[in-house]
Structures are given as C-alpha cells and as structure tokens.
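J.: Quick one, start.cif (mmCIF, C-alpha atoms):
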data_target
loop_
_atom_site.label_atom_id
_atom_site.label_comp_id
_atom_site.auth_asym_id
_atom_site.auth_seq_id
_atom_site.Cartn_x
_atom_site.Cartn_y
_atom_site.Cartn_z
CA MET L 1 -13.55 17.26 -29.01
CA THR L 2 -10.80 19.74 -29.81
CA PHE L 3 -7.36 19.34 -28.34
CA VAL L 4 -4.88 22.16 -28.11
CA ILE L 5 -1.79 20.71 -29.67
CA LYS L 6 1.39 22.15 -28.27
CA GLY L 7 3.63 19.95 -30.33
CA ILE L 8 4.88 17.99 -27.35
CA SER L 9 5.65 14.44 -28.25
CA CYS L 10 4.69 11.97 -25.56
CA ALA L 11 5.01 8.25 -26.06
CA GLY L 12 4.54 8.48 -29.78
CA ASP L 13 1.66 10.95 -30.08
CA ILE L 14 1.33 14.71 -30.01
CA LEU L 15 -1.50 15.26 -27.56
CA PRO L 16 -0.67 17.46 -24.61
CA CYS L 17 0.09 14.99 -21.84
CA LYS L 18 -2.33 16.48 -19.32
CA MET L 19 -5.16 15.38 -21.61
CA ARG L 20 -3.97 11.82 -21.80
CA SER L 21 -5.85 9.30 -19.79
CA ILE L 22 -4.24 6.30 -18.20
CA LEU L 23 -5.13 2.83 -19.40
CA PRO L 24 -5.05 -0.09 -16.94
CA ASP L 25 -2.72 -2.05 -19.23
CA GLN L 26 -0.21 0.80 -19.21
CA VAL L 27 -0.10 0.51 -15.44
CA ARG L 28 0.33 -3.27 -15.59
CA THR L 29 3.19 -2.76 -18.04
CA GLU L 30 4.88 -0.37 -15.59
CA VAL L 31 4.55 -2.89 -12.74
CA HIS L 32 6.20 -5.56 -14.87
CA LYS L 33 8.88 -3.04 -15.92
CA PHE L 34 9.56 -2.34 -12.24
CA TRP L 35 10.12 -6.01 -11.46
CA LYS L 36 12.18 -6.50 -14.61
CA ALA L 37 14.47 -3.66 -13.50
CA PHE L 38 14.65 -5.30 -10.06
CA THR L 39 15.48 -8.80 -11.29
CA SER L 40 17.95 -7.54 -13.90
CA LYS L 41 19.58 -5.40 -11.16
CA SER L 42 19.41 -2.32 -13.36
CA LYS L 43 19.97 0.55 -10.96
CA ALA L 44 19.35 3.26 -13.56
CA GLU L 45 16.04 1.78 -14.73
CA PHE L 46 15.03 1.11 -11.15
CA GLU L 47 15.70 4.70 -10.05
CA GLU L 48 13.87 6.07 -13.04
CA MET L 49 10.61 4.39 -11.96
CA TYR L 50 10.15 6.79 -9.03
CA LEU L 51 9.22 10.44 -8.73
CA PRO L 52 11.78 12.45 -6.72
CA SER L 53 9.16 12.94 -3.96
CA ALA L 54 8.12 9.26 -3.81
CA THR L 55 7.80 7.43 -0.50
CA VAL L 56 8.14 3.72 0.21
CA PHE L 57 6.78 1.43 2.93
CA SER L 58 8.90 -1.70 2.77
CA SER L 59 7.87 -4.90 4.49
CA ILE L 60 9.89 -4.67 7.69
CA VAL L 61 10.92 -1.04 8.10
CA PRO L 62 8.62 0.62 10.64
CA ARG L 63 8.44 3.97 8.86
CA SER L 64 8.21 5.34 5.34
CA GLU L 65 11.46 5.95 3.50
CA SER L 66 12.15 8.28 0.63
CA ALA L 67 12.28 6.25 -2.58
CA ARG L 68 15.81 7.52 -3.13
CA LEU L 69 16.94 5.87 0.11
CA ALA L 70 14.90 2.72 -0.55
CA VAL L 71 16.53 2.34 -3.97
CA ALA L 72 20.01 2.82 -2.47
CA ARG L 73 19.23 0.23 0.21
CA ARG L 74 17.87 -2.28 -2.30
CA VAL L 75 20.84 -1.82 -4.59
CA ARG L 76 23.15 -2.46 -1.64
CA GLN L 77 21.20 -5.47 -0.37
CA PHE L 78 19.96 -7.12 -3.55
CA PHE L 79 22.10 -6.12 -6.52
CA ASP L 80 25.22 -8.06 -5.66
CA PRO L 81 26.60 -9.89 -8.75
CA LYS L 82 26.18 -13.24 -6.96
CA SER L 83 22.58 -12.70 -5.88
CA THR L 84 19.64 -14.38 -7.58
CA ILE L 85 16.15 -12.91 -7.69
CA GLN L 86 12.98 -14.71 -8.68
CA ILE L 87 9.62 -12.98 -8.77
CA ASP L 88 6.15 -14.03 -9.77
CA VAL L 89 3.56 -11.27 -9.95
CA GLY L 90 -0.11 -12.25 -9.66
CA GLY L 91 -3.13 -10.51 -11.17
CA ILE L 92 -2.80 -6.72 -11.05
CA ASP L 93 -5.89 -4.70 -10.09
CA VAL L 94 -5.82 -1.12 -11.32
CA GLN L 95 -7.85 1.79 -9.93
CA LEU L 96 -7.78 5.09 -11.79
CA VAL L 97 -8.54 8.61 -10.57
CA ASN L 98 -7.64 11.43 -12.96
CA ASN L 99 -3.86 11.23 -13.49
CA ILE L 100 -3.35 8.78 -10.61
CA ALA L 101 -3.30 4.99 -10.91
CA ILE L 102 -3.24 2.51 -8.06
CA ALA L 103 -1.88 -0.95 -8.83
CA THR L 104 -2.43 -3.75 -6.31
CA TYR L 105 -1.25 -7.31 -6.67
CA PRO L 106 0.00 -10.38 -4.84
CA PHE L 107 3.53 -11.56 -5.50
CA TRP L 108 5.93 -14.37 -4.71
CA PHE L 109 9.55 -13.41 -4.21
CA LYS L 110 12.64 -15.48 -3.59
CA GLY L 111 16.23 -14.37 -3.45
CA THR L 112 19.59 -15.81 -2.52
CA HIS L 113 22.94 -14.29 -1.61
CA PHE L 114 21.38 -11.09 -0.34
CA LYS L 115 22.84 -8.97 2.39
CA CYS L 116 21.23 -8.00 5.68
CA ARG L 117 21.51 -4.39 6.78
CA ASP L 118 24.58 -5.47 8.81
CA GLY L 119 26.14 -7.02 5.72
CA SER L 120 25.59 -10.67 6.71
CA PRO L 121 24.10 -12.99 4.05
CA VAL L 122 20.41 -13.92 4.20
CA GLU L 123 17.83 -15.70 2.05
CA HIS L 124 14.66 -13.85 1.14
CA GLN L 125 11.38 -15.71 0.88
CA ILE L 126 8.10 -13.92 0.50
CA PRO L 127 5.54 -16.57 -0.46
CA PHE L 128 2.58 -14.26 0.09
CA GLY L 129 3.70 -10.74 -0.74
CA ARG L 130 1.26 -7.91 -1.34
CA GLY L 131 2.09 -4.82 -3.34
CA THR L 132 0.46 -1.43 -3.70
CA GLN L 133 2.08 1.02 -6.10
CA VAL L 134 0.61 4.43 -6.75
CA PHE L 135 1.60 5.95 -10.09
CA ARG L 136 1.20 9.47 -11.35
CA LEU L 137 1.18 10.43 -14.99
CA ASN L 138 3.82 13.08 -15.44
CA ASP L 139 3.67 16.04 -17.78
CA ASP L 140 6.12 14.19 -20.00
CA GLY L 141 3.62 11.35 -20.38
CA HIS L 142 5.39 8.77 -18.22
CA LEU L 143 3.92 6.90 -15.30
CA ARG L 144 6.10 7.22 -12.21
CA ILE L 145 5.73 5.72 -8.75
CA LEU L 146 4.58 8.19 -6.12
CA HIS L 147 4.07 5.76 -3.24
CA GLU L 148 4.82 2.09 -2.73
CA HIS L 149 3.79 -0.30 0.03
CA PHE L 150 5.06 -3.88 0.10
CA SER L 151 4.11 -6.26 2.87
CA SER L 152 3.99 -9.94 3.63
CA SER L 153 0.89 -11.64 4.96
CA GLU L 154 3.15 -14.14 6.73
CA THR L 155 6.10 -13.56 9.01
CA ALA L 156 9.57 -14.71 8.04
CA GLN L 157 10.66 -18.33 8.41
CA PRO L 158 13.79 -19.00 10.52
CA GLY L 159 16.95 -17.96 8.69
CA THR L 160 15.09 -15.91 6.13
CA THR L 161 13.63 -12.45 5.89
CA VAL L 162 10.65 -10.92 4.15
CA GLU L 163 12.28 -7.53 3.77
CA ILE L 164 12.02 -5.96 0.37
CA MET Q 1 -14.87 22.36 -5.44
CA ASP Q 2 -11.67 23.14 -3.51
CA GLY Q 3 -8.85 20.63 -3.47
CA VAL Q 4 -8.22 18.22 -0.65
CA THR Q 5 -6.22 19.61 2.28
CA VAL Q 6 -3.81 17.87 4.66
CA GLU Q 7 -6.07 18.70 7.62
CA GLN Q 8 -9.07 17.10 5.91
CA VAL Q 9 -7.06 13.91 5.36
CA HIS Q 10 -5.91 13.83 9.00
CA ALA Q 11 -9.53 14.24 10.08
CA ALA Q 12 -10.70 11.49 7.71
CA VAL Q 13 -8.09 9.05 9.10
CA HIS Q 14 -9.15 9.79 12.67
CA ARG Q 15 -12.86 9.48 11.75
CA TYR Q 16 -12.14 6.06 10.27
CA TRP Q 17 -10.43 4.78 13.43
CA ASP Q 18 -13.12 6.34 15.60
CA ALA Q 19 -15.78 4.46 13.59
CA LEU Q 20 -13.89 1.21 14.21
CA ALA Q 21 -13.31 1.89 17.91
CA THR Q 22 -16.94 2.84 18.53
CA LYS Q 23 -18.22 -0.11 16.44
CA ALA Q 24 -20.15 2.27 14.18
CA LYS Q 25 -20.82 0.10 11.15
CA ASP Q 26 -22.64 2.83 9.19
CA ARG Q 27 -19.83 5.33 9.68
CA LEU Q 28 -17.24 2.69 8.83
CA THR Q 29 -19.13 1.85 5.64
CA ALA Q 30 -19.30 5.55 4.80
CA SER Q 31 -15.50 5.82 5.16
CA TYR Q 32 -15.08 3.74 2.02
CA ALA Q 33 -15.96 4.49 -1.59
CA SER Q 34 -18.29 1.93 -3.14
CA ASP Q 35 -15.45 0.59 -5.31
CA ALA Q 36 -12.83 0.50 -2.53
CA ILE Q 37 -10.49 -2.45 -2.14
CA VAL Q 38 -8.50 -3.46 0.93
CA PHE Q 39 -5.41 -5.49 1.83
CA VAL Q 40 -6.05 -6.39 5.49
CA ALA Q 41 -2.99 -7.32 7.56
CA ASP Q 42 -3.17 -11.09 7.12
CA SER Q 43 -4.85 -11.47 3.72
CA ARG Q 44 -3.11 -12.75 0.63
CA ARG Q 45 -5.34 -10.84 -1.77
CA THR Q 46 -7.35 -7.65 -1.88
CA GLU Q 47 -11.00 -7.76 -0.93
CA PRO Q 48 -13.85 -5.34 -1.61
CA ALA Q 49 -14.15 -2.97 1.35
CA ARG Q 50 -17.80 -3.89 1.87
CA LEU Q 51 -16.79 -7.49 2.63
CA VAL Q 52 -14.12 -6.29 5.07
CA VAL Q 53 -16.71 -4.11 6.84
CA GLU Q 54 -19.10 -7.06 7.12
CA ARG Q 55 -16.36 -9.25 8.59
CA ARG Q 56 -15.27 -6.60 11.09
CA ASN Q 57 -18.90 -6.11 12.04
CA ARG Q 58 -19.32 -9.85 12.64
CA GLU Q 59 -16.03 -10.38 14.51
CA PHE Q 60 -15.53 -7.22 16.50
CA PHE Q 61 -18.74 -5.18 16.66
CA ASN Q 62 -20.35 -7.21 19.44
CA PRO Q 63 -20.40 -6.55 23.21
CA LYS Q 64 -17.20 -8.52 23.87
CA GLY Q 65 -15.22 -7.69 20.74
CA SER Q 66 -13.31 -4.56 19.90
CA VAL Q 67 -10.80 -3.12 17.48
CA GLY Q 68 -8.67 -0.05 17.64
CA ALA Q 69 -5.36 1.62 16.99
CA GLU Q 70 -2.99 4.17 18.42
CA VAL Q 71 -2.18 6.15 15.31
CA GLY Q 72 1.26 7.72 14.87
CA ALA Q 73 2.19 10.72 12.78
CA ILE Q 74 0.28 10.83 9.51
CA GLU Q 75 2.14 11.76 6.33
CA VAL Q 76 -0.02 13.09 3.52
CA GLN Q 77 0.68 13.41 -0.18
CA ILE Q 78 -1.84 15.20 -2.38
CA PRO Q 79 -0.92 14.35 -5.96
CA ASP Q 80 -4.22 15.56 -7.42
CA PRO Q 81 -6.90 17.97 -6.12
CA GLU Q 82 -9.23 14.99 -5.65
CA VAL Q 83 -6.77 12.40 -4.32
CA ALA Q 84 -4.73 12.09 -1.12
CA ILE Q 85 -2.41 9.38 0.14
CA ALA Q 86 -2.15 8.98 3.92
CA THR Q 87 0.66 6.85 5.36
CA TYR Q 88 1.30 6.15 9.01
CA SER Q 89 2.33 3.53 11.50
CA CYS Q 90 0.05 2.43 14.32
CA HIS Q 91 -0.34 -0.05 17.15
CA PHE Q 92 -3.33 -2.04 15.94
CA TYR Q 93 -5.25 -4.47 18.15
CA THR Q 94 -8.36 -6.61 18.01
CA ILE Q 95 -10.33 -8.55 20.61
CA SER Q 96 -12.60 -11.27 19.32
CA ILE Q 97 -14.15 -14.58 20.33
CA LYS Q 98 -12.28 -17.63 19.01
CA GLN Q 99 -13.24 -21.15 20.12
CA ASP Q 100 -15.16 -19.87 23.17
CA LYS Q 101 -12.22 -17.78 24.31
CA LEU Q 102 -11.62 -14.08 24.23
CA LEU Q 103 -8.54 -13.56 22.07
CA ARG Q 104 -6.52 -10.35 21.83
CA VAL Q 105 -4.24 -9.85 18.83
CA ASP Q 106 -1.75 -6.99 18.84
CA LEU Q 107 0.17 -5.71 15.87
CA PRO Q 108 2.63 -3.45 17.69
CA VAL Q 109 3.98 -1.94 14.48
CA ALA Q 110 1.38 -1.91 11.74
CA LEU Q 111 1.84 0.21 8.64
CA ALA Q 112 -1.11 1.75 6.88
CA THR Q 113 -1.53 3.27 3.45
CA GLN Q 114 -4.96 4.77 2.82
CA ILE Q 115 -5.74 6.46 -0.46
CA PHE Q 116 -8.64 8.87 -0.38
CA ARG Q 117 -10.75 10.25 -3.20
CA ARG Q 118 -13.09 13.20 -2.98
CA ASP Q 119 -16.45 11.86 -4.11
CA ALA Q 120 -19.13 13.81 -5.96
CA ASP Q 121 -20.87 14.66 -2.65
CA GLY Q 122 -17.66 16.32 -1.41
CA ALA Q 123 -16.82 13.58 1.11
CA LEU Q 124 -13.33 12.09 1.29
CA ARG Q 125 -13.57 8.33 1.04
CA ILE Q 126 -11.01 5.56 1.04
CA ILE Q 127 -10.59 3.89 -2.33
CA HIS Q 128 -7.63 1.73 -1.38
CA GLU Q 129 -6.28 0.55 1.97
CA HIS Q 130 -3.19 -1.54 2.69
CA LEU Q 131 -2.50 -2.66 6.25
CA GLY Q 132 0.69 -4.58 6.88
CA SER Q 133 2.57 -5.65 9.98
CA VAL Q 134 6.28 -5.16 10.48
CA ARG Q 135 6.48 -7.46 13.53
CA GLU Q 136 4.92 -10.79 14.29
CA PRO Q 137 1.44 -10.49 15.84
CA ILE Q 138 1.22 -11.00 19.61
CA MET Q 139 -1.72 -13.20 20.64
CA SER Q 140 -3.04 -13.51 24.17
CA ILE Q 141 -6.08 -15.26 25.62
CA LEU Q 142 -7.93 -12.89 27.92
CA GLY Q 143 -10.26 -15.54 29.36
CA PRO Q 144 -13.41 -17.47 28.50
CA ALA Q 145 -15.83 -15.74 26.16
#
Go ahead and express the file in the form of structure tokens.

T.:
Amino acid sequence: MTFVIKGISCAGDILPCKMRSILPDQVRTEVHKFWKAFTSKSKAEFEEMYLPSATVFSSIVPRSESARLAVARRVRQFFDPKSTIQIDVGGIDVQLVNNIAIATYPFWFKGTHFKCRDGSPVEHQIPFGRGTQVFRLNDDGHLRILHEHFSSSETAQPGTTVEI
Amino acid sequence: MDGVTVEQVHAAVHRYWDALATKAKDRLTASYASDAIVFVADSRRTEPARLVVERRNREFFNPKGSVGAEVGAIEVQIPDPEVAIATYSCHFYTISIKQDKLLRVDLPVALATQIFRRDADGALRIIHEHLGSVREPIMSILGPA
C-alpha cells in the first residue's frame, strides 16, 4: 500500500492523519485521560478533550448541553479546592466505524464538597454509572469527544445527587 | 453511496419506536446492527441488542403488554458519511405483567442516544443505544393481569 506523505507529524509518525485507523486501546487511553483530567481538576486538559461542536447528556439535565457549557458547569460544581473526587472505571467496550469510536463503560463515582446548581453543598454518589463517549479522530491525529452521555441506573439516595 | 442525511435519521428513530409500539419483533430486530450494544434504562452494563430484543419481546410483545414513547425534538450529528448520532428526550412507558398484576412504568424524562451506521445494504441501523432516566420512574398497578 502506498501512502501519500504530506509531512504532517501526528502522534509521532508522518502518515497523513486521515489514513490512520483508531485502535481500541487508544480510545481506552482517552477515557482514562478524561477521568484523570476530571479528578485532577485540570480545566485546560478537561476542555481540550472535547470538539467545539460536542454535545453532552448529563445524568440529571433533561436536555443536551453544549460541551462548553457542561465543562463550565462541572468546573463550577466539582473543581472547588476542597472537593474530593473518586472514580473507578469498569471495562471499556470500544466500537469503531471509520474515524469514529464509541466507548461504553460502567463507572463508580463519589465526590464530596461539591456544589449544587444553587451553590449549596451536596455529596455525589453514583454507584452504578454508565458512560457512552463518542470520539472522532481529528485531522491532527487526536481523538476528541463528539458526544457524551452519562446516566445512573439507580436514582439518588437522600441527601446526595447523581448529577455529573 | 450517498452520505446519511438528517431526515433519514429522524425517520429511522421514528421507525424504531413504531416497531416497539406495534410489537413488531422482526422490524425491531432489523433496527439494530448485528453487533449493536445497548444500555437500557435500568441496566448496570451494556447488553447485546439481540438479547434486549428478546427480553422486550417476552415482556411487552404480548396481548396485555406494551411499550412506547412520546419522542421530543431529535438532534442529529453526522460526523462521518456512514455514521449519525441521534439524541433526544422522550416520555417512555412500559406495561407488563409482574406477579399476576398489570404494571405500568413511566419514565417521564428519558434521554436517548442512538448511534446509527449505514450498513452494506444501505440501511441505517443502530450500533449503540443508551437510554437513561433523569427522574425516578413512576410505577402504577393497573389491575390484575
């Protein structure tokens, strides 16, 4: 097979990015990177995970949000210096279609010292979270989230929320 | 083959719900790709779509059971000529027999993500589905089964 090499460097090689194929482990790495950015409260890394046109279904908001707004909300609610975030991601299934990858996984999430939308403190407990993240391989060779859907298979316990 | 259009995705979503509402197992099966996986509203893990279809067939596709949804506005993203992501909210309900009683379960605000792929035969089929509920389910006993 002959590749037309345009001299673009993507992730350490020089193949034109449109010819790159996605590997399931790359997608799993991105999912773990996403949660690492979340738990380390790194706004810049967190923002960088999403495409500008990305949409998000969070677990208690009854409509899709732009990722930009979802990131701003999460930073406001979760990234307080006092807050603690614990996450355990289960096995990640990956489906691939051309330059699109769909990651699905269960997760366990617990957080303290978070803020409700009204600013009041709340504990977050999601013992049976489910995540779908759709990634697209960009021309620059990076996987970015195009759509995200988090939900909980159980409703919130008193005094807690499952919002994420 | 031409790329997927927004109208085709809208039609595919409505065909899917019509197959459920009319208890058309064959059409429901045909809505999914053979490798499709599904997060149903109350499951902790994904399941192969064919298992979900079998369960829906057993629980709802009988004379007393039913399943349906009032689908809201459908947003569509087409990130690839062969792939489309449909997202929408809906009022989802089921009626099934539980312990000799007819039980109705309503999810007043369910959120759905359905990812479609154009298969080799040209048909749009779901390869991934995620149904979640924003509010607690409302359960009501309609009477004896």

J.: Could you give me, as JSON lines, every chain L residue with an atom at most 7 Å from chain Q, plus its closest atom pair and distance in Å to one decimal, counting all atoms listed in the file, rows ordered by chain then number?

T.:
{"residue": "L:Ser59", "atom": "CA", "partner": "Q:Val134", "partner_atom": "CA", "distance": 6.2}
{"residue": "L:Ile60", "atom": "CA", "partner": "Q:Val134", "partner_atom": "CA", "distance": 4.6}
{"residue": "L:Val61", "atom": "CA", "partner": "Q:Val134", "partner_atom": "CA", "distance": 6.6}
{"residue": "L:Pro62", "atom": "CA", "partner": "Q:Val134", "partner_atom": "CA", "distance": 6.2}
{"residue": "L:Arg63", "atom": "CA", "partner": "Q:Ser89", "partner_atom": "CA", "distance": 6.7}
{"residue": "L:Pro106", "atom": "CA", "partner": "Q:Arg45", "partner_atom": "CA", "distance": 6.2}
{"residue": "L:Phe128", "atom": "CA", "partner": "Q:Arg44", "partner_atom": "CA", "distance": 5.9}
{"residue": "L:Arg130", "atom": "CA", "partner": "Q:Arg44", "partner_atom": "CA", "distance": 6.8}
{"residue": "L:Ser151", "atom": "CA", "partner": "Q:Gly132", "partner_atom": "CA", "distance": 5.5}
{"residue": "L:Ser153", "atom": "CA", "partner": "Q:Asp42", "partner_atom": "CA", "distance": 4.6}
{"residue": "L:Thr155", "atom": "CA", "partner": "Q:Glu136", "partner_atom": "CA", "distance": 6.1}

J.: For a quick check of your reading of the model, name the residues lying within 10 Å of the coordinate (-19.7, 0.1, 6.9), counting all atoms listed in the file, and write them as a PyMOL selection string.

T.: chain Q and resi 19-20+23-32+49-54+56-57

J.: Given the PyMOL selection byres ((chain Q and resi 4) around 12) and the file above, list the residues it selects as a ChimeraX atom specification.

T.: /Q:1-3,5-12,76-86,116-119,122-125

J.: Within 12 Å of segment 118-120 of chain L, counting only C-alpha atoms, which residues qualify if same-chain residues fewer than 2 places away don't, as a list in words?

T.: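 Answer for this query is Arg73, Arg76, Gln77, Phe78, Asp80, His113, Phe114, Lys115, Cys116, Val122, Glu123, Gly159 and Thr160 of chain L.
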
J.: Give as a compact mmCIF listing (two decimals) with C-alpha atoms, in the frame of the given file the residues that the PyMOL selection byres ((chain L and resi 103) around 8) matches when applied to the coordinates above.

T.:
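Once written, expr.txt looks like this:
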# COMPACT_ATOMS: atom_id res chain seq x y z
CA VAL L 27 -0.10 0.51 -15.44
CA ARG L 28 0.33 -3.27 -15.59
CA VAL L 31 4.55 -2.89 -12.74
CA ILE L 92 -2.80 -6.72 -11.05
CA ASP L 93 -5.89 -4.70 -10.09
CA VAL L 94 -5.82 -1.12 -11.32
CA GLN L 95 -7.85 1.79 -9.93
CA ALA L 101 -3.30 4.99 -10.91
CA ILE L 102 -3.24 2.51 -8.06
CA THR L 104 -2.43 -3.75 -6.31
CA TYR L 105 -1.25 -7.31 -6.67
CA GLY L 131 2.09 -4.82 -3.34
CA THR L 132 0.46 -1.43 -3.70
CA GLN L 133 2.08 1.02 -6.10
CA VAL L 134 0.61 4.43 -6.75
CA PHE L 135 1.60 5.95 -10.09

J.: Starting from the shown file, work through the PyMOL selection byres ((chain Q and resi 105) around 7) and note down what comes out as JSON, numbers by chain.

T.: {"Q": [93, 94, 95, 103, 104, 106, 107, 137, 138, 139, 140]}

J.: Return as JSON the box centre and box size in Å, one decimal, for an axis-aligned box around all listed atoms of segment 48-66 of chain L padded by 3 Å per side.

T.:
{"center_x": 10.3, "center_y": 4.0, "center_z": -1.2, "size_x": 13.1, "size_y": 23.8, "size_z": 29.7}

J.: For Leu69 of chain L, please output as an NGL selection string all residues within 12 Å (counting all atoms listed in the file; exclusion window: fewer than 4 positions along the same chain).

T.: :L and (47 or 50 or 52-58 or 64-65 or 73-76)

J.: With C-alpha atoms retained, export the selected residues as a PDB file, in the frame of the given file.

T.:
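Wrote it out as result10.pdb, contents follow:
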ATOM      1  CA  GLU L  47      15.700   4.700 -10.050  1.00  0.00           C
ATOM      2  CA  TYR L  50      10.150   6.790  -9.030  1.00  0.00           C
ATOM      3  CA  PRO L  52      11.780  12.450  -6.720  1.00  0.00           C
ATOM      4  CA  SER L  53       9.160  12.940  -3.960  1.00  0.00           C
ATOM      5  CA  ALA L  54       8.120   9.260  -3.810  1.00  0.00           C
ATOM      6  CA  THR L  55       7.800   7.430  -0.500  1.00  0.00           C
ATOM      7  CA  VAL L  56       8.140   3.720   0.210  1.00  0.00           C
ATOM      8  CA  PHE L  57       6.780   1.430   2.930  1.00  0.00           C
ATOM      9  CA  SER L  58       8.900  -1.700   2.770  1.00  0.00           C
ATOM     10  CA  SER L  64       8.210   5.340   5.340  1.00  0.00           C
ATOM     11  CA  GLU L  65      11.460   5.950   3.500  1.00  0.00           C
ATOM     12  CA  ARG L  73      19.230   0.230   0.210  1.00  0.00           C
ATOM     13  CA  ARG L  74      17.870  -2.280  -2.300  1.00  0.00           C
ATOM     14  CA  VAL L  75      20.840  -1.820  -4.590  1.00  0.00           C
ATOM     15  CA  ARG L  76      23.150  -2.460  -1.640  1.00  0.00           C
TER      16      ARG L  76
END

J.: Using Å and a single decimal, report how far atom CA of Ser34 of chain Q sits from atom CA of Tyr16 of chain Q.

T.: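 Here the two named atoms are 15.3 Å from each other.
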
J.: Interatomic distance between atom CA of Ser66 of chain L and atom CA of Phe34 of chain L?

T.: 16.9 Å

J.: State, in Å with one decimal place, the distance from atom CA of Thr22 of chain Q to atom CA of Glu154 of chain L.

T.: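 Value for the atom CA of Thr22 of chain Q-atom CA of Glu154 of chain L distance: 28.8 Å.
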
J.: Measuring between all atoms listed in the file, which one of L:Ser40, L:Phe46, L:Trp108, L:Leu51 shows the shortest distance to His124 of chain L?

T.: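 Closest to His124 of chain L of all the choices is L:Trp108.
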
J.: Return the single residue from L:Asn138, L:Ile145, L:Phe107, L:Lys36 that is closest to Arg68 of chain L, with distances computed using only C-alpha atoms.

T.: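 Under the stated criterion, the closest residue is L:Ile145.
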
J.: For a cut-off of 7 Å around (25.7, -5.6, -10.8), file coordinates, pick out all residues using only C-alpha atoms and list them as a list in words.

T.: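 Every residue inside that radius is included here: Lys41, Phe79, Asp80 and Pro81 of chain L.
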